[in-house]
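Data file: run12.csv. Format and content: CSV, C-alpha atoms.
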chain,number,residue,atom,x,y,z
A,392,MET,CA,-44.5,43.2,-147.4
A,393,THR,CA,-42.5,40.0,-147.4
A,394,GLN,CA,-43.7,36.7,-149.0
A,395,ASP,CA,-44.8,34.0,-146.5
A,396,LEU,CA,-42.5,31.0,-146.6
A,397,VAL,CA,-44.5,28.1,-145.1
A,398,PRO,CA,-42.8,24.7,-144.6
A,399,THR,CA,-45.0,21.5,-144.8
A,400,ALA,CA,-44.4,17.8,-144.0
A,401,HIS,CA,-46.1,14.5,-144.7
A,402,TYR,CA,-45.7,11.2,-142.8
A,403,GLU,CA,-46.6,7.6,-143.8
A,404,SER,CA,-46.0,4.3,-142.1
A,405,PRO,CA,-47.7,0.9,-141.7
A,406,SER,CA,-49.6,2.3,-138.7
A,407,GLU,CA,-50.6,5.4,-140.6
A,408,PRO,CA,-51.2,4.2,-144.2
A,409,LYS,CA,-53.4,7.2,-145.2
A,410,GLY,CA,-50.6,9.5,-144.1
A,411,TYR,CA,-50.5,12.5,-141.8
A,412,ASP,CA,-49.8,16.1,-142.8
A,413,PHE,CA,-48.0,18.7,-140.8
A,414,ILE,CA,-48.5,22.5,-141.2
A,415,PRO,CA,-47.2,25.2,-138.8
A,416,GLY,CA,-50.6,26.8,-138.5
A,417,ASP,CA,-51.3,30.4,-137.7
A,418,GLY,CA,-48.9,30.8,-134.8
A,419,PRO,CA,-47.6,32.7,-133.0
A,420,HIS,CA,-44.3,31.0,-133.9
A,421,SER,CA,-41.0,31.2,-132.1
A,422,THR,CA,-37.5,29.9,-132.6
A,423,ILE,CA,-37.5,28.6,-129.0
A,424,GLY,CA,-38.8,25.0,-129.5
A,425,GLU,CA,-40.6,23.0,-126.8
A,426,THR,CA,-38.9,19.8,-127.8
A,427,THR,CA,-35.4,21.1,-128.6
A,428,LYS,CA,-34.6,23.0,-125.4
A,429,ILE,CA,-32.8,21.4,-122.5
A,430,SER,CA,-35.0,19.5,-120.1
A,431,ASP,CA,-36.8,21.1,-117.2
A,432,ILE,CA,-34.9,18.8,-114.8
A,433,VAL,CA,-31.6,20.4,-115.9
A,434,ILE,CA,-33.1,23.9,-115.8
A,435,ASN,CA,-34.6,23.3,-112.3
A,436,ALA,CA,-31.1,22.0,-111.2
A,437,GLY,CA,-29.7,25.4,-112.2
A,438,GLY,CA,-28.5,24.5,-115.6
A,439,GLN,CA,-28.4,27.0,-118.5
A,440,ASP,CA,-29.2,26.4,-122.1
A,441,ARG,CA,-26.1,27.8,-123.9
A,442,ASP,CA,-27.5,26.9,-127.3
A,443,THR,CA,-30.6,29.0,-127.1
A,444,PRO,CA,-31.4,30.2,-130.6
A,445,SER,CA,-31.5,33.9,-131.5
A,446,GLU,CA,-35.0,35.3,-131.9
A,447,ALA,CA,-36.6,35.4,-135.3
A,448,LYS,CA,-36.2,38.6,-137.2
A,449,ASP,CA,-39.2,40.2,-138.8
A,450,THR,CA,-38.1,39.0,-142.2
A,451,ALA,CA,-39.4,36.2,-144.5
A,452,LEU,CA,-36.4,34.0,-143.5
A,453,GLY,CA,-36.8,34.9,-139.8
A,454,GLN,CA,-40.4,33.9,-139.9
A,455,LEU,CA,-39.5,30.7,-141.8
A,456,ARG,CA,-37.1,29.7,-139.1
A,457,ALA,CA,-39.8,30.2,-136.4
A,458,ARG,CA,-42.4,28.3,-138.5
A,459,LEU,CA,-39.8,25.5,-139.0
A,460,THR,CA,-39.4,25.3,-135.2
A,461,THR,CA,-43.2,24.9,-134.8
A,462,ILE,CA,-43.3,22.1,-137.4
A,463,GLN,CA,-40.3,20.5,-135.8
A,464,ASP,CA,-42.1,20.5,-132.4
A,465,LYS,CA,-45.2,19.0,-134.0
A,466,ILE,CA,-43.2,16.3,-135.8
A,467,ASN,CA,-41.2,15.4,-132.6
A,468,ILE,CA,-44.4,15.2,-130.4
A,469,PHE,CA,-46.2,13.1,-133.1
A,470,LEU,CA,-43.3,10.7,-133.5
A,471,THR,CA,-42.7,10.4,-129.8
A,472,ASN,CA,-46.4,9.4,-129.3
A,473,LYS,CA,-46.0,6.9,-132.2
A,474,MET,CA,-43.0,5.4,-130.4
A,475,LYS,CA,-45.0,5.1,-127.1
A,476,GLU,CA,-47.9,3.5,-129.0
A,477,GLU,CA,-45.6,1.0,-130.6
A,478,LYS,CA,-44.0,0.2,-127.2
A,479,SER,CA,-47.4,-0.3,-125.5
A,480,SER,CA,-48.6,-2.5,-128.4
A,481,LYS,CA,-45.4,-4.6,-128.1
A,482,GLU,CA,-45.8,-4.9,-124.3
A,483,LEU,CA,-49.4,-5.9,-124.8
A,484,LYS,CA,-48.4,-8.6,-127.4
A,485,ASP,CA,-45.7,-9.8,-125.1
A,486,LEU,CA,-48.2,-10.0,-122.2
A,487,GLU,CA,-50.7,-11.9,-124.4
A,488,LYS,CA,-48.0,-14.3,-125.5
A,489,LYS,CA,-46.8,-14.8,-122.0
A,490,MET,CA,-50.4,-15.5,-120.8
A,491,LEU,CA,-51.0,-17.9,-123.6
A,492,ASP,CA,-47.7,-19.7,-122.9
A,493,GLU,CA,-48.5,-19.9,-119.2
A,494,GLY,CA,-51.9,-21.1,-120.0
A,495,VAL,CA,-50.4,-24.0,-121.9
A,496,ASP,CA,-48.1,-24.7,-119.1
A,497,GLU,CA,-50.9,-24.5,-116.6
A,498,GLY,CA,-52.9,-27.0,-118.7
A,499,SER,CA,-49.9,-29.2,-118.9
A,500,SER,CA,-49.4,-29.1,-115.1
A,501,ASP,CA,-53.1,-30.0,-114.6
A,502,ASN,CA,-52.5,-33.2,-116.5
A,503,GLU,CA,-49.7,-34.2,-114.2
B,343,MET,CA,-31.8,-4.9,-144.6
B,344,SER,CA,-35.0,-4.2,-142.8
B,345,GLU,CA,-37.8,-2.6,-144.7
B,346,LEU,CA,-37.8,1.2,-144.8
B,347,SER,CA,-41.5,1.4,-144.2
B,348,HIS,CA,-41.6,4.7,-142.2
B,349,ARG,CA,-41.5,7.7,-144.4
B,350,LEU,CA,-41.5,11.4,-143.8
B,351,SER,CA,-40.9,14.2,-146.2
B,352,ILE,CA,-40.6,17.9,-145.5
B,353,SER,CA,-40.8,20.8,-148.0
B,354,ILE,CA,-39.0,24.0,-147.0
B,355,PRO,CA,-39.5,27.0,-149.3
B,356,PHE,CA,-36.8,29.6,-149.6
B,357,GLU,CA,-36.8,33.1,-151.1
B,358,ASN,CA,-35.4,31.9,-154.4
B,359,ASP,CA,-34.0,28.9,-156.3
B,360,LYS,CA,-30.4,29.8,-155.4
B,361,GLN,CA,-30.9,29.6,-151.7
B,362,ALA,CA,-32.7,26.3,-152.1
B,363,SER,CA,-29.8,25.0,-154.2
B,364,MET,CA,-27.2,26.1,-151.6
B,365,ALA,CA,-29.2,24.6,-148.8
B,366,ARG,CA,-29.5,21.2,-150.7
B,367,LYS,CA,-25.7,21.2,-151.5
B,368,THR,CA,-24.9,22.0,-147.9
B,369,MET,CA,-27.1,19.3,-146.4
B,370,ALA,CA,-26.3,16.6,-149.0
B,371,VAL,CA,-22.6,16.2,-148.0
B,372,ASP,CA,-23.4,14.9,-144.5
B,373,PRO,CA,-23.1,11.1,-144.5
B,374,VAL,CA,-26.0,9.1,-143.1
B,375,LEU,CA,-25.0,6.9,-140.2
B,376,LYS,CA,-26.7,3.4,-140.0
B,377,SER,CA,-27.6,3.5,-143.7
B,378,ASN,CA,-29.2,0.0,-143.3
B,379,GLU,CA,-31.8,1.7,-141.0
B,380,LEU,CA,-32.2,5.1,-142.6
B,381,LEU,CA,-32.1,6.7,-146.0
B,382,ILE,CA,-32.3,10.5,-146.5
B,383,LYS,CA,-32.7,12.2,-149.9
B,384,PHE,CA,-32.3,15.9,-150.5
B,385,ASN,CA,-33.9,17.3,-153.6
B,386,GLN,CA,-34.7,20.8,-155.0
B,387,GLU,CA,-37.9,21.8,-156.7
B,388,GLU,CA,-37.6,25.4,-157.8
B,389,ASN,CA,-37.3,27.4,-154.6
B,390,LYS,CA,-38.1,24.5,-152.3
B,391,LEU,CA,-35.8,22.1,-150.5
B,392,ILE,CA,-37.4,18.6,-150.2
B,393,CYS,CA,-36.0,16.3,-147.5
B,394,GLN,CA,-37.2,12.7,-147.7
B,395,PHE,CA,-36.6,10.3,-144.8
B,396,MET,CA,-37.1,6.6,-145.1
B,397,GLY,CA,-36.5,4.5,-142.0
B,398,THR,CA,-37.1,1.2,-140.3
B,399,SER,CA,-38.8,2.8,-137.3
B,400,ASP,CA,-40.3,6.0,-136.0
B,401,ARG,CA,-37.3,6.3,-133.6
B,402,VAL,CA,-34.7,6.6,-136.4
B,403,ILE,CA,-36.9,9.0,-138.3
B,404,ARG,CA,-37.4,11.2,-135.2
B,405,VAL,CA,-33.7,11.5,-134.5
B,406,ALA,CA,-32.8,12.2,-138.1
B,407,ILE,CA,-35.5,14.8,-138.9
B,408,SER,CA,-34.9,16.8,-135.8
B,409,ASN,CA,-31.2,17.0,-136.5
B,410,VAL,CA,-31.8,17.9,-140.2
B,411,ILE,CA,-34.2,20.7,-139.2
B,412,ASP,CA,-31.7,22.1,-136.7
B,413,ASN,CA,-29.1,22.2,-139.5
B,414,VAL,CA,-31.5,23.8,-142.0
B,415,LYS,CA,-32.4,26.5,-139.4
B,416,THR,CA,-28.8,27.4,-139.1
B,417,ILE,CA,-28.5,27.7,-142.9
B,418,ILE,CA,-31.6,29.9,-143.0
B,419,GLU,CA,-30.1,32.1,-140.2
B,420,CYS,CA,-27.0,32.5,-142.3
B,421,PHE,CA,-29.0,33.6,-145.4
B,422,ASP,CA,-31.0,36.0,-143.2
B,423,GLU,CA,-27.8,37.6,-141.9
B,424,PHE,CA,-25.6,37.6,-145.0
B,425,ASP,CA,-27.5,36.8,-148.2
B,426,GLY,CA,-28.0,39.9,-150.4
B,427,LYS,CA,-25.8,42.1,-148.2
B,428,ASP,CA,-22.8,43.9,-149.7
B,429,ASP,CA,-19.5,42.1,-149.4
B,430,VAL,CA,-17.4,43.5,-146.6
B,431,GLN,CA,-13.6,42.9,-146.3
B,432,PHE,CA,-12.6,42.7,-142.7
B,433,GLU,CA,-9.1,43.8,-142.0
B,434,GLU,CA,-7.0,43.3,-138.9
B,435,LYS,CA,-7.0,46.4,-136.8
B,436,GLN,CA,-3.6,48.0,-136.5
B,437,GLU,CA,-2.7,48.8,-132.9
B,438,THR,CA,-1.5,52.3,-132.4
B,439,ILE,CA,1.5,52.8,-130.1
Target format structure tokens, applied to this file:
Amino acid sequence: MTQDLVPTAHYESPSEPKGYDFIPGDGPHSTIGETTKISDIVINAGGQDRDTPSEAKDTALGQLRARLTTIQDKINIFLTNKMKEEKSSKELKDLEKKMLDEGVDEGSSDNE
Amino acid sequence: MSELSHRLSISIPFENDKQASMARKTMAVDPVLKSNELLIKFNQEENKLICQFMGTSDRVIRVAISNVIDNVKTIIECFDEFDGKDDVQFEEKQETI
């Protein structure tokens, strides 16, 4: 029996002050990551992923590599969503600013 | 320099302290590009490699951590293939005429 090697991660930022923990979970785990393979657009166009990783061996290190791929996917998806949230929030603030500025302009034009 | 307010740390356990030490030394030599936006620290705690990322945004953290994990996976695969195995001297095969 081999010992389980389980990676963990912790994230903190101004938008997540209490922090967020990542664990690979129960699996199944694979070395083929969802967020690290080439895009579906390239695959559908007939492209081949020449950097496909080898399958995980049934060893402690092989399973660690697969768990690490799972946690990598979770982190990538989490941070991509954070980036989208930040972009939406910025767009909302820009829109709000624009509306307020235009409101001032509109008010000014009314006085003319 | 902007504030490095986004932080992510990852703890990766190895089979023993020696593997964690080798992984840390291998990773630590890579220079960090855009050091005003990102800081990466590699530490060893017994058999664990601790990678700490401090960045100005989620974007820089995301790019850096995915790249580091890819490199660590290659190191792990090397250990899996070669660590603990008997040394083998490969010799050039002599062609017979």
Worksheet item: What is the distance between CA of Met396 (chain B) and CA of Thr471 (chain A), in Å to one decimal?
Response: 16.7 Å
Discussion item. List the spatial neighbours of Thr461 (chain A) as a count of residues only - criterion: any atom at most 8 Å away, all atoms listed in the file, same-chain residues fewer than 2 positions off excluded.
Written reply: 11
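With all atoms listed in the file as the basis for measurement, B:Ser399 is the residue among B:Thr416, B:Asn389, B:Ser399, B:Asn409 that approaches Lys473 (chain A) most closely.
When the distance limit is 7 Å and only C-alpha atoms are what count, the residues near Phe413 (chain A), minus those fewer than 5 positions from it on the same chain, are Thr399, Ala400, His401 and Ile462 of chain A.
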Which chain A residues have any atom within 10 Å of an atom of chain B, and for each, what is the nearest pair of atoms with distance in Å to one decimal, counting all atoms listed in the file, rows sorted by chain and number, as JSON lines?
{"residue": "A:Thr393", "atom": "CA", "partner": "B:Glu357", "partner_atom": "CA", "distance": 9.7}
{"residue": "A:Gln394", "atom": "CA", "partner": "B:Glu357", "partner_atom": "CA", "distance": 8.1}
{"residue": "A:Asp395", "atom": "CA", "partner": "B:Pro355", "partner_atom": "CA", "distance": 9.2}
{"residue": "A:Leu396", "atom": "CA", "partner": "B:Pro355", "partner_atom": "CA", "distance": 5.7}
{"residue": "A:Val397", "atom": "CA", "partner": "B:Pro355", "partner_atom": "CA", "distance": 6.6}
{"residue": "A:Pro398", "atom": "CA", "partner": "B:Ile354", "partner_atom": "CA", "distance": 4.5}
{"residue": "A:Thr399", "atom": "CA", "partner": "B:Ser353", "partner_atom": "CA", "distance": 5.3}
{"residue": "A:Ala400", "atom": "CA", "partner": "B:Ile352", "partner_atom": "CA", "distance": 4.1}
{"residue": "A:His401", "atom": "CA", "partner": "B:Ser351", "partner_atom": "CA", "distance": 5.4}
{"residue": "A:Tyr402", "atom": "CA", "partner": "B:Leu350", "partner_atom": "CA", "distance": 4.3}
{"residue": "A:Glu403", "atom": "CA", "partner": "B:Arg349", "partner_atom": "CA", "distance": 5.1}
{"residue": "A:Ser404", "atom": "CA", "partner": "B:His348", "partner_atom": "CA", "distance": 4.4}
{"residue": "A:Pro405", "atom": "CA", "partner": "B:Ser347", "partner_atom": "CA", "distance": 6.7}
{"residue": "A:Ser406", "atom": "CA", "partner": "B:His348", "partner_atom": "CA", "distance": 9.1}
{"residue": "A:Glu407", "atom": "CA", "partner": "B:His348", "partner_atom": "CA", "distance": 9.2}
{"residue": "A:Pro408", "atom": "CA", "partner": "B:His348", "partner_atom": "CA", "distance": 9.8}
{"residue": "A:Gly410", "atom": "CA", "partner": "B:Arg349", "partner_atom": "CA", "distance": 9.3}
{"residue": "A:Tyr411", "atom": "CA", "partner": "B:Leu350", "partner_atom": "CA", "distance": 9.3}
{"residue": "A:Asp412", "atom": "CA", "partner": "B:Leu350", "partner_atom": "CA", "distance": 9.6}
{"residue": "A:Phe413", "atom": "CA", "partner": "B:Ile352", "partner_atom": "CA", "distance": 8.8}
{"residue": "A:Thr422", "atom": "CA", "partner": "B:Lys415", "partner_atom": "CA", "distance": 9.2}
{"residue": "A:Thr426", "atom": "CA", "partner": "B:Ser408", "partner_atom": "CA", "distance": 9.4}
{"residue": "A:Thr427", "atom": "CA", "partner": "B:Ser408", "partner_atom": "CA", "distance": 8.4}
{"residue": "A:Pro444", "atom": "CA", "partner": "B:Thr416", "partner_atom": "CA", "distance": 9.3}
{"residue": "A:Ser445", "atom": "CA", "partner": "B:Glu419", "partner_atom": "CA", "distance": 9.0}
{"residue": "A:Ala447", "atom": "CA", "partner": "B:Glu419", "partner_atom": "CA", "distance": 8.8}
{"residue": "A:Lys448", "atom": "CA", "partner": "B:Asp422", "partner_atom": "CA", "distance": 8.4}
{"residue": "A:Thr450", "atom": "CA", "partner": "B:Asp422", "partner_atom": "CA", "distance": 7.8}
{"residue": "A:Ala451", "atom": "CA", "partner": "B:Glu357", "partner_atom": "CA", "distance": 7.7}
{"residue": "A:Leu452", "atom": "CA", "partner": "B:Asp422", "partner_atom": "CA", "distance": 5.8}
{"residue": "A:Gly453", "atom": "CA", "partner": "B:Asp422", "partner_atom": "CA", "distance": 6.8}
{"residue": "A:Leu455", "atom": "CA", "partner": "B:Ile418", "partner_atom": "CA", "distance": 8.0}
{"residue": "A:Arg456", "atom": "CA", "partner": "B:Lys415", "partner_atom": "CA", "distance": 5.7}
{"residue": "A:Ala457", "atom": "CA", "partner": "B:Lys415", "partner_atom": "CA", "distance": 8.8}
{"residue": "A:Leu459", "atom": "CA", "partner": "B:Ile411", "partner_atom": "CA", "distance": 7.4}
{"residue": "A:Thr460", "atom": "CA", "partner": "B:Ile411", "partner_atom": "CA", "distance": 8.0}
{"residue": "A:Ile462", "atom": "CA", "partner": "B:Ile411", "partner_atom": "CA", "distance": 9.4}
{"residue": "A:Gln463", "atom": "CA", "partner": "B:Ser408", "partner_atom": "CA", "distance": 6.5}
{"residue": "A:Asp464", "atom": "CA", "partner": "B:Ser408", "partner_atom": "CA", "distance": 8.8}
{"residue": "A:Ile466", "atom": "CA", "partner": "B:Arg404", "partner_atom": "CA", "distance": 7.7}
{"residue": "A:Asn467", "atom": "CA", "partner": "B:Arg404", "partner_atom": "CA", "distance": 6.2}
{"residue": "A:Ile468", "atom": "CA", "partner": "B:Arg404", "partner_atom": "CA", "distance": 9.4}
{"residue": "A:Phe469", "atom": "CA", "partner": "B:Arg404", "partner_atom": "CA", "distance": 9.2}
{"residue": "A:Leu470", "atom": "CA", "partner": "B:Asp400", "partner_atom": "CA", "distance": 6.1}
{"residue": "A:Thr471", "atom": "CA", "partner": "B:Arg404", "partner_atom": "CA", "distance": 7.6}
{"residue": "A:Asn472", "atom": "CA", "partner": "B:Asp400", "partner_atom": "CA", "distance": 9.7}
{"residue": "A:Lys473", "atom": "CA", "partner": "B:Asp400", "partner_atom": "CA", "distance": 6.9}
{"residue": "A:Met474", "atom": "CA", "partner": "B:Asp400", "partner_atom": "CA", "distance": 6.2}
{"residue": "A:Glu477", "atom": "CA", "partner": "B:Asp400", "partner_atom": "CA", "distance": 9.1}
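One finds CA of Met364 (chain B) at 18.4 Å from CA of Asp428 (chain B).
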Practice prompt. Kindly extract all protein, DNA and RNA residues lying within 8 Å of the coordinates (-30.5, 37.3, -151.4) given in the file, considering all atoms listed in the file, and supply them as an MDAnalysis selection string.
Written response: chainID B and resid 357:358 361 421 425:427
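The interatomic distance for the pair CA of Asp372 (chain B) and CA of Asn385 (chain B) works out to 14.1 Å.
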Worksheet item: So which residues touch Ala370 (chain B) within 9 Å, counting all atoms listed in the file, skipping near sequence neighbours fewer than 5 positions away, as a ChimeraX atom specification?
Response: /B:365,382-385
